[in-house]
>>> print(open('protein02.pdb').read())   # PDB, C-alpha atoms and all ligand atoms
MODEL        1
ATOM      1  CA  MET A   1     100.842 113.200 131.341
ATOM      2  CA  PHE A   2      98.036 113.964 128.895
ATOM      3  CA  ASP A   3      95.585 111.182 128.128
ATOM      4  CA  LEU A   4      95.575 110.263 124.439
ATOM      5  CA  SER A   5      93.800 106.949 124.794
ATOM      6  CA  GLY A   6      91.499 106.084 121.925
ATOM      7  CA  GLN A   7      93.415 108.385 119.594
ATOM      8  CA  ALA A   8      95.346 107.425 116.471
ATOM      9  CA  ALA A   9      98.704 109.068 115.803
ATOM     10  CA  LEU A  10     100.958 108.975 112.741
ATOM     11  CA  VAL A  11     104.646 109.759 113.259
ATOM     12  CA  THR A  12     106.845 110.194 110.164
ATOM     13  CA  GLY A  13     110.499 109.371 110.618
ATOM     14  CA  GLY A  14     109.255 107.510 113.683
ATOM     15  CA  ALA A  15     111.757 104.651 113.539
ATOM     16  CA  ALA A  16     114.665 106.425 115.193
ATOM     17  CA  GLY A  17     115.841 109.560 116.922
ATOM     18  CA  ILE A  18     113.354 112.307 117.718
ATOM     19  CA  GLY A  19     110.560 110.502 115.864
ATOM     20  CA  LYS A  20     111.060 107.439 118.036
ATOM     21  CA  GLY A  21     110.968 109.646 121.141
ATOM     22  CA  ILE A  22     107.689 111.169 119.934
ATOM     23  CA  ALA A  23     106.241 107.730 119.129
ATOM     24  CA  LEU A  24     107.237 106.412 122.545
ATOM     25  CA  VAL A  25     105.698 109.273 124.508
ATOM     26  CA  LEU A  26     102.462 109.300 122.463
ATOM     27  CA  ALA A  27     102.127 105.522 122.963
ATOM     28  CA  LYS A  28     102.731 105.887 126.714
ATOM     29  CA  ALA A  29      99.973 108.522 126.767
ATOM     30  CA  GLY A  30      97.613 105.911 125.306
ATOM     31  CA  ALA A  31      97.578 106.680 121.592
ATOM     32  CA  LYS A  32      97.624 103.979 118.954
ATOM     33  CA  VAL A  33     100.811 104.951 117.129
ATOM     34  CA  VAL A  34     101.617 104.298 113.495
ATOM     35  CA  VAL A  35     105.358 104.560 112.904
ATOM     36  CA  ALA A  36     106.020 105.580 109.290
ATOM     37  CA  ASP A  37     109.609 105.475 108.113
ATOM     38  CA  ILE A  38     111.752 104.795 105.054
ATOM     39  CA  ASN A  39     113.791 102.293 107.080
ATOM     40  CA  ALA A  40     111.814  99.041 107.350
ATOM     41  CA  GLU A  41     114.174  97.322 109.774
ATOM     42  CA  THR A  42     114.358  99.994 112.478
ATOM     43  CA  GLY A  43     110.755 101.024 111.819
ATOM     44  CA  ALA A  44     109.366  97.567 112.482
ATOM     45  CA  ALA A  45     111.537  97.206 115.588
ATOM     46  CA  THR A  46     110.375 100.547 117.013
ATOM     47  CA  ALA A  47     106.718  99.800 116.278
ATOM     48  CA  LYS A  48     107.069  96.471 118.104
ATOM     49  CA  GLU A  49     108.826  98.123 121.060
ATOM     50  CA  ILE A  50     106.041 100.675 121.584
ATOM     51  CA  GLY A  51     103.126  98.354 120.760
ATOM     52  CA  GLY A  52     102.344 100.253 117.563
ATOM     53  CA  VAL A  53     102.052  99.562 113.856
ATOM     54  CA  PHE A  54     104.739 100.074 111.186
ATOM     55  CA  LYS A  55     104.208 101.442 107.682
ATOM     56  CA  GLN A  56     107.089 101.766 105.282
ATOM     57  CA  LEU A  57     107.015 105.258 103.840
ATOM     58  CA  ASP A  58     109.334 107.504 101.902
ATOM     59  CA  VAL A  59     107.761 110.887 102.612
ATOM     60  CA  THR A  60     108.989 112.258  99.273
ATOM     61  CA  ASP A  61     106.522 109.929  97.497
ATOM     62  CA  GLN A  62     103.192 111.785  97.521
ATOM     63  CA  ALA A  63     101.118 108.854  96.285
ATOM     64  CA  ARG A  64     102.502 106.621  99.044
ATOM     65  CA  VAL A  65     101.940 109.367 101.644
ATOM     66  CA  ARG A  66      98.272 109.545 100.642
ATOM     67  CA  ALA A  67      97.982 105.751 100.671
ATOM     68  CA  VAL A  68      99.498 105.484 104.170
ATOM     69  CA  VAL A  69      97.114 108.115 105.561
ATOM     70  CA  ASP A  70      94.180 106.263 103.945
ATOM     71  CA  GLU A  71      95.411 102.996 105.479
ATOM     72  CA  VAL A  72      95.661 104.595 108.930
ATOM     73  CA  VAL A  73      92.098 105.889 108.691
ATOM     74  CA  ALA A  74      90.855 102.506 107.425
ATOM     75  CA  GLU A  75      92.655 100.556 110.134
ATOM     76  CA  CYS A  76      92.256 102.933 113.086
ATOM     77  CA  GLY A  77      88.913 104.480 112.110
ATOM     78  CA  GLN A  78      90.384 108.001 112.239
ATOM     79  CA  LEU A  79      93.545 110.082 112.382
ATOM     80  CA  ASP A  80      93.741 112.389 115.401
ATOM     81  CA  ILE A  81      97.427 113.288 115.571
ATOM     82  CA  LEU A  82     100.123 113.828 112.967
ATOM     83  CA  ALA A  83     103.742 114.333 113.974
ATOM     84  CA  SER A  84     105.449 115.434 110.744
ATOM     85  CA  ASN A  85     108.990 114.743 111.812
ATOM     86  CA  ALA A  86     110.971 113.005 109.051
ATOM     87  CA  GLY A  87     113.924 115.141 108.064
ATOM     88  CA  ILE A  88     117.572 115.154 107.075
ATOM     89  CA  PHE A  89     120.511 117.409 107.888
ATOM     90  CA  PRO A  90     123.577 116.720 105.706
ATOM     91  CA  GLN A  91     126.070 119.597 105.809
ATOM     92  CA  ALA A  92     127.455 121.531 102.827
ATOM     93  CA  THR A  93     129.164 124.912 102.844
ATOM     94  CA  LEU A  94     128.102 127.467 100.244
ATOM     95  CA  GLU A  95     131.474 126.975  98.527
ATOM     96  CA  GLU A  96     130.652 123.350  97.807
ATOM     97  CA  MET A  97     126.821 123.210  97.776
ATOM     98  CA  THR A  98     125.284 121.989  94.516
ATOM     99  CA  GLU A  99     121.806 122.532  93.144
ATOM    100  CA  ALA A 100     121.150 118.853  93.859
ATOM    101  CA  ASP A 101     122.155 119.324  97.545
ATOM    102  CA  TRP A 102     119.759 122.242  97.811
ATOM    103  CA  ASP A 103     116.878 120.487  96.047
ATOM    104  CA  HIS A 104     117.256 117.279  98.058
ATOM    105  CA  MET A 105     117.151 119.174 101.359
ATOM    106  CA  GLN A 106     114.034 121.133 100.401
ATOM    107  CA  ALA A 107     112.385 118.025  98.916
ATOM    108  CA  VAL A 108     112.732 115.940 102.073
ATOM    109  CA  ASN A 109     112.278 118.628 104.726
ATOM    110  CA  VAL A 110     109.770 121.009 103.140
ATOM    111  CA  LYS A 111     107.942 119.509 100.169
ATOM    112  CA  SER A 112     107.397 116.172 101.909
ATOM    113  CA  MET A 113     106.072 117.938 104.988
ATOM    114  CA  PHE A 114     103.532 119.598 102.698
ATOM    115  CA  PHE A 115     102.573 116.154 101.303
ATOM    116  CA  VAL A 116     102.162 114.642 104.757
ATOM    117  CA  VAL A 117     100.375 117.557 106.426
ATOM    118  CA  GLN A 118      98.019 118.073 103.487
ATOM    119  CA  ALA A 119      97.037 114.388 103.433
ATOM    120  CA  ALA A 120      96.506 114.342 107.209
ATOM    121  CA  LEU A 121      94.411 117.530 107.190
ATOM    122  CA  LYS A 122      92.201 116.032 104.499
ATOM    123  CA  ALA A 123      91.563 113.030 106.765
ATOM    124  CA  MET A 124      91.012 115.180 109.869
ATOM    125  CA  ALA A 125      88.744 117.872 108.387
ATOM    126  CA  PRO A 126      85.519 115.834 108.026
ATOM    127  CA  ARG A 127      85.645 114.923 111.753
ATOM    128  CA  GLY A 128      86.385 118.482 112.831
ATOM    129  CA  TYR A 129      89.250 117.364 115.060
ATOM    130  CA  GLY A 130      92.999 117.122 114.625
ATOM    131  CA  ARG A 131      96.407 117.947 115.992
ATOM    132  CA  VAL A 132      99.357 118.501 113.666
ATOM    133  CA  VAL A 133     102.815 118.992 115.136
ATOM    134  CA  ILE A 134     105.777 119.672 112.836
ATOM    135  CA  THR A 135     109.385 119.083 113.911
ATOM    136  CA  SER A 136     111.226 122.256 112.897
ATOM    137  CA  SER A 137     114.460 123.350 114.592
ATOM    138  CA  ILE A 138     116.136 126.297 116.264
ATOM    139  CA  THR A 139     118.589 126.169 113.305
ATOM    140  CA  GLY A 140     117.218 128.482 110.637
ATOM    141  CA  PRO A 141     114.269 130.193 112.337
ATOM    142  CA  ILE A 142     116.462 131.440 115.230
ATOM    143  CA  THR A 143     120.101 130.411 114.872
ATOM    144  CA  GLY A 144     122.582 129.568 112.121
ATOM    145  CA  PHE A 145     125.447 127.131 111.664
ATOM    146  CA  PRO A 146     128.108 127.019 108.926
ATOM    147  CA  GLY A 147     127.232 124.262 106.471
ATOM    148  CA  TRP A 148     123.531 124.353 107.222
ATOM    149  CA  SER A 149     122.232 127.275 105.147
ATOM    150  CA  HIS A 150     120.044 124.938 103.057
ATOM    151  CA  TYR A 151     118.906 123.113 106.199
ATOM    152  CA  GLY A 152     118.189 126.370 108.047
ATOM    153  CA  ALA A 153     116.158 127.588 105.086
ATOM    154  CA  SER A 154     114.129 124.366 105.141
ATOM    155  CA  LYS A 155     113.405 124.600 108.874
ATOM    156  CA  ALA A 156     112.349 128.266 108.619
ATOM    157  CA  ALA A 157     110.164 127.392 105.621
ATOM    158  CA  GLN A 158     108.352 124.814 107.750
ATOM    159  CA  LEU A 159     107.295 127.549 110.183
ATOM    160  CA  GLY A 160     106.097 129.810 107.377
ATOM    161  CA  PHE A 161     103.983 126.946 106.081
ATOM    162  CA  MET A 162     102.670 126.138 109.560
ATOM    163  CA  ARG A 163     101.278 129.627 110.216
ATOM    164  CA  SER A 164      99.108 129.768 107.112
ATOM    165  CA  ALA A 165      98.028 126.129 107.503
ATOM    166  CA  ALA A 166      96.989 126.902 111.099
ATOM    167  CA  LEU A 167      94.789 129.754 109.872
ATOM    168  CA  GLU A 168      93.152 127.621 107.174
ATOM    169  CA  TYR A 169      92.017 125.052 109.757
ATOM    170  CA  ALA A 170      91.558 127.148 112.936
ATOM    171  CA  ASN A 171      87.767 127.133 112.683
ATOM    172  CA  ARG A 172      87.593 123.384 112.054
ATOM    173  CA  GLY A 173      88.845 121.989 115.376
ATOM    174  CA  ILE A 174      92.332 121.398 113.995
ATOM    175  CA  THR A 175      95.511 122.948 115.338
ATOM    176  CA  VAL A 176      98.849 123.131 113.524
ATOM    177  CA  ASN A 177     101.917 123.803 115.662
ATOM    178  CA  ALA A 178     105.632 123.075 115.691
ATOM    179  CA  VAL A 179     108.434 122.145 118.052
ATOM    180  CA  GLN A 180     111.896 123.641 117.663
ATOM    181  CA  PRO A 181     114.460 121.228 119.065
ATOM    182  CA  GLY A 182     117.955 122.313 119.978
ATOM    183  CA  ASN A 183     120.665 119.645 120.077
ATOM    184  CA  ILE A 184     118.991 116.299 120.698
ATOM    185  CA  LEU A 185     121.142 113.195 120.976
ATOM    186  CA  THR A 186     120.009 111.055 118.040
ATOM    187  CA  GLU A 187     121.808 108.871 115.520
ATOM    188  CA  GLY A 188     121.602 111.767 113.091
ATOM    189  CA  LEU A 189     123.259 114.143 115.553
ATOM    190  CA  LYS A 190     125.895 111.569 116.570
ATOM    191  CA  ALA A 191     126.899 111.442 112.895
ATOM    192  CA  GLN A 192     128.170 115.037 113.262
ATOM    193  CA  GLY A 193     131.023 113.621 115.370
ATOM    194  CA  GLU A 194     132.169 113.775 119.009
ATOM    195  CA  ALA A 195     133.902 117.142 118.579
ATOM    196  CA  TYR A 196     130.597 118.708 117.487
ATOM    197  CA  LEU A 197     128.715 117.123 120.402
ATOM    198  CA  ASP A 198     131.304 118.415 122.922
ATOM    199  CA  GLN A 199     131.182 121.944 121.432
ATOM    200  CA  GLN A 200     127.405 121.938 121.731
ATOM    201  CA  ARG A 201     127.394 120.715 125.347
ATOM    202  CA  ALA A 202     129.771 123.555 126.179
ATOM    203  CA  ILE A 203     127.452 126.284 124.830
ATOM    204  CA  ILE A 204     124.120 124.911 126.091
ATOM    205  CA  PRO A 205     123.221 126.412 129.504
ATOM    206  CA  THR A 206     122.237 122.989 130.911
ATOM    207  CA  HIS A 207     125.524 121.549 129.537
ATOM    208  CA  THR A 208     123.578 118.498 128.401
ATOM    209  CA  LEU A 209     122.107 117.448 125.087
ATOM    210  CA  GLY A 210     118.369 116.813 124.903
ATOM    211  CA  THR A 211     116.764 113.387 124.652
ATOM    212  CA  PRO A 212     114.249 112.358 121.980
ATOM    213  CA  GLU A 213     111.668 111.995 124.780
ATOM    214  CA  ASP A 214     112.180 115.672 125.700
ATOM    215  CA  ILE A 215     110.757 116.496 122.277
ATOM    216  CA  GLY A 216     108.126 113.765 122.650
ATOM    217  CA  HIS A 217     106.725 115.436 125.759
ATOM    218  CA  ALA A 218     106.399 118.818 124.037
ATOM    219  CA  VAL A 219     104.681 117.129 121.086
ATOM    220  CA  ALA A 220     102.327 115.220 123.406
ATOM    221  CA  PHE A 221     101.272 118.518 124.975
ATOM    222  CA  LEU A 222     100.563 120.180 121.626
ATOM    223  CA  ALA A 223      98.808 116.979 120.499
ATOM    224  CA  SER A 224      96.518 116.874 123.527
ATOM    225  CA  ARG A 225      92.856 117.885 123.598
ATOM    226  CA  GLU A 226      93.833 120.382 126.284
ATOM    227  CA  ALA A 227      96.015 122.369 123.825
ATOM    228  CA  LYS A 228      92.932 123.269 121.747
ATOM    229  CA  PHE A 229      93.459 127.045 122.010
ATOM    230  CA  ILE A 230      97.075 126.941 120.783
ATOM    231  CA  THR A 231      97.612 127.080 117.037
ATOM    232  CA  GLY A 232     100.304 128.379 114.695
ATOM    233  CA  GLN A 233     102.816 128.424 117.557
ATOM    234  CA  THR A 234     106.133 126.824 118.378
ATOM    235  CA  ILE A 235     107.783 125.447 121.498
ATOM    236  CA  VAL A 236     111.562 125.751 121.697
ATOM    237  CA  VAL A 237     113.047 122.713 123.461
ATOM    238  CA  ASP A 238     116.772 123.431 123.672
ATOM    239  CA  GLY A 239     118.053 123.536 127.270
ATOM    240  CA  GLY A 240     118.229 127.323 126.981
ATOM    241  CA  GLN A 241     120.653 127.228 124.041
ATOM    242  CA  ILE A 242     119.298 130.349 122.326
ATOM    243  CA  LEU A 243     119.383 132.469 125.510
ATOM    244  CA  PRO A 244     123.004 133.462 126.296
ATOM    245  CA  GLU A 245     123.959 136.834 124.825
ATOM    246  CA  SER A 246     127.663 136.061 125.272
ATOM    247  CA  PRO A 247     129.870 133.216 126.572
ATOM    248  CA  GLU A 248     130.006 135.075 129.928
ATOM    249  CA  ALA A 249     126.311 134.284 130.405
ATOM    250  CA  LEU A 250     127.102 130.572 130.706
ATOM    251  CA  LEU A 251     127.777 129.143 134.178
TER     252      LEU A 251
HETATM  253  P1  LIG B 301     117.639 110.783 112.619
HETATM  254  O1  LIG B 301     118.466 110.748 111.387
HETATM  255  O2  LIG B 301     118.235 110.283 113.902
HETATM  256  O3  LIG B 301     116.244 110.029 112.360
HETATM  257  C1  LIG B 301     115.454 110.400 111.257
HETATM  258  C2  LIG B 301     114.460 109.318 110.923
HETATM  259  O4  LIG B 301     113.750 109.743 109.754
HETATM  260  C3  LIG B 301     115.127 107.980 110.582
HETATM  261  O5  LIG B 301     114.391 106.922 111.159
HETATM  262  C4  LIG B 301     115.065 107.950 109.056
HETATM  263  O6  LIG B 301     115.026 106.627 108.535
HETATM  264  C5  LIG B 301     113.788 108.707 108.788
HETATM  265  N1  LIG B 301     113.749 109.276 107.438
HETATM  266  C6  LIG B 301     114.736 109.937 106.774
HETATM  267  N2  LIG B 301     114.339 110.236 105.532
HETATM  268  C7  LIG B 301     113.061 109.768 105.407
HETATM  269  C8  LIG B 301     112.116 109.768 104.341
HETATM  270  N3  LIG B 301     112.403 110.301 103.138
HETATM  271  N4  LIG B 301     110.904 109.212 104.568
HETATM  272  C9  LIG B 301     110.621 108.674 105.763
HETATM  273  N5  LIG B 301     111.469 108.605 106.792
HETATM  274  C10 LIG B 301     112.679 109.165 106.622
HETATM  275  O7  LIG B 301     117.198 112.330 112.762
HETATM  276  P2  LIG B 301     116.693 113.133 114.057
HETATM  277  O8  LIG B 301     117.863 113.770 114.672
HETATM  278  O9  LIG B 301     115.806 112.303 114.875
HETATM  279  O10 LIG B 301     115.832 114.280 113.331
HETATM  280  C11 LIG B 301     114.441 114.180 113.166
HETATM  281  C12 LIG B 301     113.858 115.545 112.890
HETATM  282  O11 LIG B 301     114.235 116.428 113.936
HETATM  283  C13 LIG B 301     114.355 116.185 111.589
HETATM  284  O12 LIG B 301     113.279 116.886 110.988
HETATM  285  C14 LIG B 301     115.411 117.166 112.069
HETATM  286  O13 LIG B 301     115.560 118.255 111.204
HETATM  287  C15 LIG B 301     114.833 117.590 113.402
HETATM  288  N6  LIG B 301     115.804 118.134 114.330
HETATM  289  C16 LIG B 301     116.783 117.356 114.906
HETATM  290  C17 LIG B 301     117.655 117.898 115.834
HETATM  291  C18 LIG B 301     118.673 117.082 116.557
HETATM  292  O14 LIG B 301     119.429 117.661 117.357
HETATM  293  N7  LIG B 301     118.763 115.786 116.386
HETATM  294  C19 LIG B 301     117.600 119.321 116.183
HETATM  295  C20 LIG B 301     116.531 120.044 115.539
HETATM  296  C21 LIG B 301     115.677 119.462 114.649
ENDMDL
END
>>> encode(input="protein02.pdb", output="structure tokens")
Amino acid sequence: MFDLSGQAALVTGGAAGIGKGIALVLAKAGAKVVVADINAETGAATAKEIGGVFKQLDVTDQARVRAVVDEVVAECGQLDILASNAGIFPQATLEEMTEADWDHMQAVNVKSMFFVVQAALKAMAPRGYGRVVITSSITGPITGFPGWSHYGASKAAQLGFMRSAALEYANRGITVNAVQPGNILTEGLKAQGEAYLDQQRAIIPTHTLGTPEDIGHAVAFLASREAKFITGQTIVVDGGQILPESPEALL
């Protein structure tokens, strides 16, 4: 386990699911974790559980994003780690998808990530140290799924953003990386229904779904001091889901 003691971490969408897994692992590694989430009830409960601090935040509100980052710096003295994780994944086929569906997806998953990462980088740059880890997905950059064309586009866009951001800050002690989760058992994934979960277990080589902590551990690595020479990269955490070239490859 990497030692993050003395470091301040901000996790968006940290109340539940993957964000909670990230918050938990970073706190266990010694970081002071600020859980930022739109949901005040679950956010406060998670912050209490991990010994962290809760800030209510809708990541689509740029002014509030900036204010929360300022508060973290004022209260913790610095911001070392940002996990930009808040995201949504409602399904809509192209037959039914509206402009509003498209815009909402890109607003929450892409534009808000820009708000959050930009504000964090501004706080990190003067100290010449920072670790940014974005939660992307295998869906979009690598795989596809009917009903998730707008979601896949948003998750691929995050990686395009990450690569240029990484270059802008590479000579300032700041790394910008991403994790690409496969199917991770969260409330959001459970909402897809049992039939979906069973189908996914069947096609994942481990025949298990991932846990939020599985993503937390990958984030903790990328967020560590030791990962200083890794930037603009991704780690796929999917139980081997993207590997089989045909159903016969599954045991
Ligand atoms: P979830 O729905 O279980 O949890 C998402 C959290 O984000 C909730 O606490 C929610 O209140 C918060 N949130 C939603 N909108 C927000 C907003 N506007 N501002 C602040 N907080 C907000 O979702 P899950 O599954 O944990 O997903 C988290 C991230 O992981 C997303 O970016 C998603 O695309 C990504 N992901 C999830 C996978 C999975 O299998 N669960 C697979 C690949 C990627």
>>> residues_near_ligand(input="protein02.pdb", ligand="ligand LIG 301 (chain B)", cutoff="8 Å", atoms="only C-alpha atoms and all ligand atoms", output="PyMOL selection string")
chain A and resi 12-20+36-39+42-43+56-60+84-89+108-109+112+135-139+151+155+180-189+210+212
>>> closest_atom_pairs(input="protein02.pdb", of="stretch 59-169 of chain A", to="stretch 215-232 of chain A", cutoff="6 Å", atoms="only C-alpha atoms", output="CSV")
residue,atom,partner,partner_atom,distance
A:Arg131,CA,A:Ala223,CA,5.2
A:Arg163,CA,A:Gly232,CA,4.8
A:Ala166,CA,A:Gly232,CA,5.1
>>> closest_residue(input="protein02.pdb", among="A:Ala119, A:Ser149, A:Lys48, A:Phe114", to="A:Ser164", atoms="only C-alpha atoms")
A:Phe114
>>> residues_around(input="protein02.pdb", residues="A:Cys76", least_positions_apart="2", cutoff="12 Å", atoms="only C-alpha atoms", output="list in words")
Gly6, Gln7, Ala8, Ala9, Leu10, Ala31, Lys32, Val33, Val34, Gly52, Val53, Val68, Val69, Asp70, Glu71, Val72, Val73, Ala74, Gln78, Leu79, Asp80, Ile81 and Ala123 of chain A
>>> closest_residue(input="protein02.pdb", among="A:Val116, A:Pro244, A:Leu251, A:Tyr196", to="A:Arg64", atoms="all atoms listed in the file")
A:Val116
>>> resolve_selection(input="protein02.pdb", expression="the PyMOL selection byres (((chain A and resi 29) around 8) and not hetatm)", output="ChimeraX atom specification")
/A:1-5,25-28,30-31,220
>>> axis_aligned_box(input="protein02.pdb", around="stretch 57-73 of chain A", padding_each_side="4 Å", output="AutoDock Vina command-line options")
--center_x 100.7 --center_y 107.6 --center_z 102.6 --size_x 25.2 --size_y 17.3 --size_z 20.6
>>> atom_distance(input="protein02.pdb", atom1="atom CA of A:Pro141", atom2="atom CA of A:Met113")
16.5 Å
>>> closest_residue(input="protein02.pdb", among="A:His150, A:Ala40, A:Leu250, A:Gly51", to="A:Glu96", atoms="all atoms listed in the file")
A:His150
>>> closest_residue(input="protein02.pdb", among="A:Val236, A:Phe115, A:Glu194, A:Gly130", to="A:Ala63", atoms="only C-alpha atoms")
A:Phe115
>>> atom_distance(input="protein02.pdb", atom1="atom CA of A:Val110", atom2="atom CA of A:Ala153")
9.4 Å
>>> atom_distance(input="protein02.pdb", atom1="atom CA of A:His207", atom2="atom CA of A:Pro90")
24.4 Å
>>> resolve_selection(input="protein02.pdb", expression="the PyMOL selection byres (((chain A and resi 203) around 12) and not hetatm)", output="list of chain:residue names")
A:Gly182, A:Asn183, A:Tyr196, A:Leu197, A:Asp198, A:Gln199, A:Gln200, A:Arg201, A:Ala202, A:Ile204, A:Pro205, A:Thr206, A:His207, A:Thr208, A:Leu209, A:Asp238, A:Gly239, A:Gly240, A:Gln241, A:Ile242, A:Leu243, A:Pro244, A:Glu245, A:Ser246, A:Pro247, A:Glu248, A:Ala249, A:Leu250, A:Leu251
>>> closest_residue(input="protein02.pdb", among="A:Val11, A:Val176, A:Val35, A:Ile22", to="A:Gln118", atoms="all atoms listed in the file")
A:Val176
>>> closest_residue(input="protein02.pdb", among="A:Gly77, A:Gly173, A:Gly140, A:Gly160", to="A:Gly128", atoms="all atoms listed in the file")
A:Gly173
>>> build_atoms(input="protein02.pdb", residues="stretch 65-72 of chain A", atoms="all heavy atoms", output="PDB file, in the coordinates of the input")
ATOM      1  N   VAL A  65     102.375 108.604 100.460  1.00  0.00           N
ATOM      2  CA  VAL A  65     101.940 109.367 101.644  1.00  0.00           C
ATOM      3  C   VAL A  65     100.416 109.295 101.761  1.00  0.00           C
ATOM      4  O   VAL A  65      99.859 108.981 102.815  1.00  0.00           O
ATOM      5  CB  VAL A  65     102.395 110.845 101.560  1.00  0.00           C
ATOM      6  CG1 VAL A  65     101.663 111.705 102.579  1.00  0.00           C
ATOM      7  CG2 VAL A  65     103.903 110.957 101.740  1.00  0.00           C
ATOM      8  N   ARG A  66      99.744 109.568 100.640  1.00  0.00           N
ATOM      9  CA  ARG A  66      98.272 109.545 100.642  1.00  0.00           C
ATOM     10  C   ARG A  66      97.764 108.142 100.981  1.00  0.00           C
ATOM     11  O   ARG A  66      96.796 107.983 101.739  1.00  0.00           O
ATOM     12  CB  ARG A  66      97.743 109.982  99.284  1.00  0.00           C
ATOM     13  CG  ARG A  66      97.927 111.476  99.065  1.00  0.00           C
ATOM     14  CD  ARG A  66      97.496 111.880  97.668  1.00  0.00           C
ATOM     15  NE  ARG A  66      97.505 113.323  97.519  1.00  0.00           N
ATOM     16  CZ  ARG A  66      97.468 113.950  96.347  1.00  0.00           C
ATOM     17  NH1 ARG A  66      97.430 113.269  95.225  1.00  0.00           N
ATOM     18  NH2 ARG A  66      97.461 115.261  96.290  1.00  0.00           N
ATOM     19  N   ALA A  67      98.419 107.130 100.426  1.00  0.00           N
ATOM     20  CA  ALA A  67      97.982 105.751 100.671  1.00  0.00           C
ATOM     21  C   ALA A  67      98.146 105.388 102.151  1.00  0.00           C
ATOM     22  O   ALA A  67      97.268 104.746 102.746  1.00  0.00           O
ATOM     23  CB  ALA A  67      98.779 104.785  99.796  1.00  0.00           C
ATOM     24  N   VAL A  68      99.260 105.811 102.754  1.00  0.00           N
ATOM     25  CA  VAL A  68      99.498 105.484 104.170  1.00  0.00           C
ATOM     26  C   VAL A  68      98.448 106.163 105.056  1.00  0.00           C
ATOM     27  O   VAL A  68      97.904 105.551 105.977  1.00  0.00           O
ATOM     28  CB  VAL A  68     100.936 105.865 104.601  1.00  0.00           C
ATOM     29  CG1 VAL A  68     101.080 105.902 106.119  1.00  0.00           C
ATOM     30  CG2 VAL A  68     101.935 104.878 103.993  1.00  0.00           C
ATOM     31  N   VAL A  69      98.146 107.430 104.763  1.00  0.00           N
ATOM     32  CA  VAL A  69      97.114 108.115 105.561  1.00  0.00           C
ATOM     33  C   VAL A  69      95.765 107.395 105.397  1.00  0.00           C
ATOM     34  O   VAL A  69      95.051 107.166 106.380  1.00  0.00           O
ATOM     35  CB  VAL A  69      97.014 109.611 105.175  1.00  0.00           C
ATOM     36  CG1 VAL A  69      95.788 110.260 105.811  1.00  0.00           C
ATOM     37  CG2 VAL A  69      98.284 110.346 105.599  1.00  0.00           C
ATOM     38  N   ASP A  70      95.433 107.007 104.173  1.00  0.00           N
ATOM     39  CA  ASP A  70      94.180 106.263 103.945  1.00  0.00           C
ATOM     40  C   ASP A  70      94.174 104.953 104.732  1.00  0.00           C
ATOM     41  O   ASP A  70      93.163 104.570 105.322  1.00  0.00           O
ATOM     42  CB  ASP A  70      94.001 105.953 102.448  1.00  0.00           C
ATOM     43  CG  ASP A  70      93.613 107.191 101.645  1.00  0.00           C
ATOM     44  OD1 ASP A  70      93.286 108.229 102.269  1.00  0.00           O
ATOM     45  OD2 ASP A  70      93.666 107.130 100.397  1.00  0.00           O
ATOM     46  N   GLU A  71      95.321 104.261 104.733  1.00  0.00           N
ATOM     47  CA  GLU A  71      95.411 102.996 105.479  1.00  0.00           C
ATOM     48  C   GLU A  71      95.216 103.228 106.977  1.00  0.00           C
ATOM     49  O   GLU A  71      94.549 102.444 107.647  1.00  0.00           O
ATOM     50  CB  GLU A  71      96.787 102.334 105.253  1.00  0.00           C
ATOM     51  CG  GLU A  71      96.945 101.699 103.884  1.00  0.00           C
ATOM     52  CD  GLU A  71      98.386 101.236 103.628  1.00  0.00           C
ATOM     53  OE1 GLU A  71      99.118 100.932 104.593  1.00  0.00           O
ATOM     54  OE2 GLU A  71      98.779 101.190 102.443  1.00  0.00           O
ATOM     55  N   VAL A  72      95.806 104.302 107.491  1.00  0.00           N
ATOM     56  CA  VAL A  72      95.661 104.595 108.930  1.00  0.00           C
ATOM     57  C   VAL A  72      94.190 104.822 109.261  1.00  0.00           C
ATOM     58  O   VAL A  72      93.661 104.276 110.242  1.00  0.00           O
ATOM     59  CB  VAL A  72      96.503 105.838 109.337  1.00  0.00           C
ATOM     60  CG1 VAL A  72      96.214 106.231 110.780  1.00  0.00           C
ATOM     61  CG2 VAL A  72      97.990 105.560 109.152  1.00  0.00           C
TER      62      VAL A  72
END
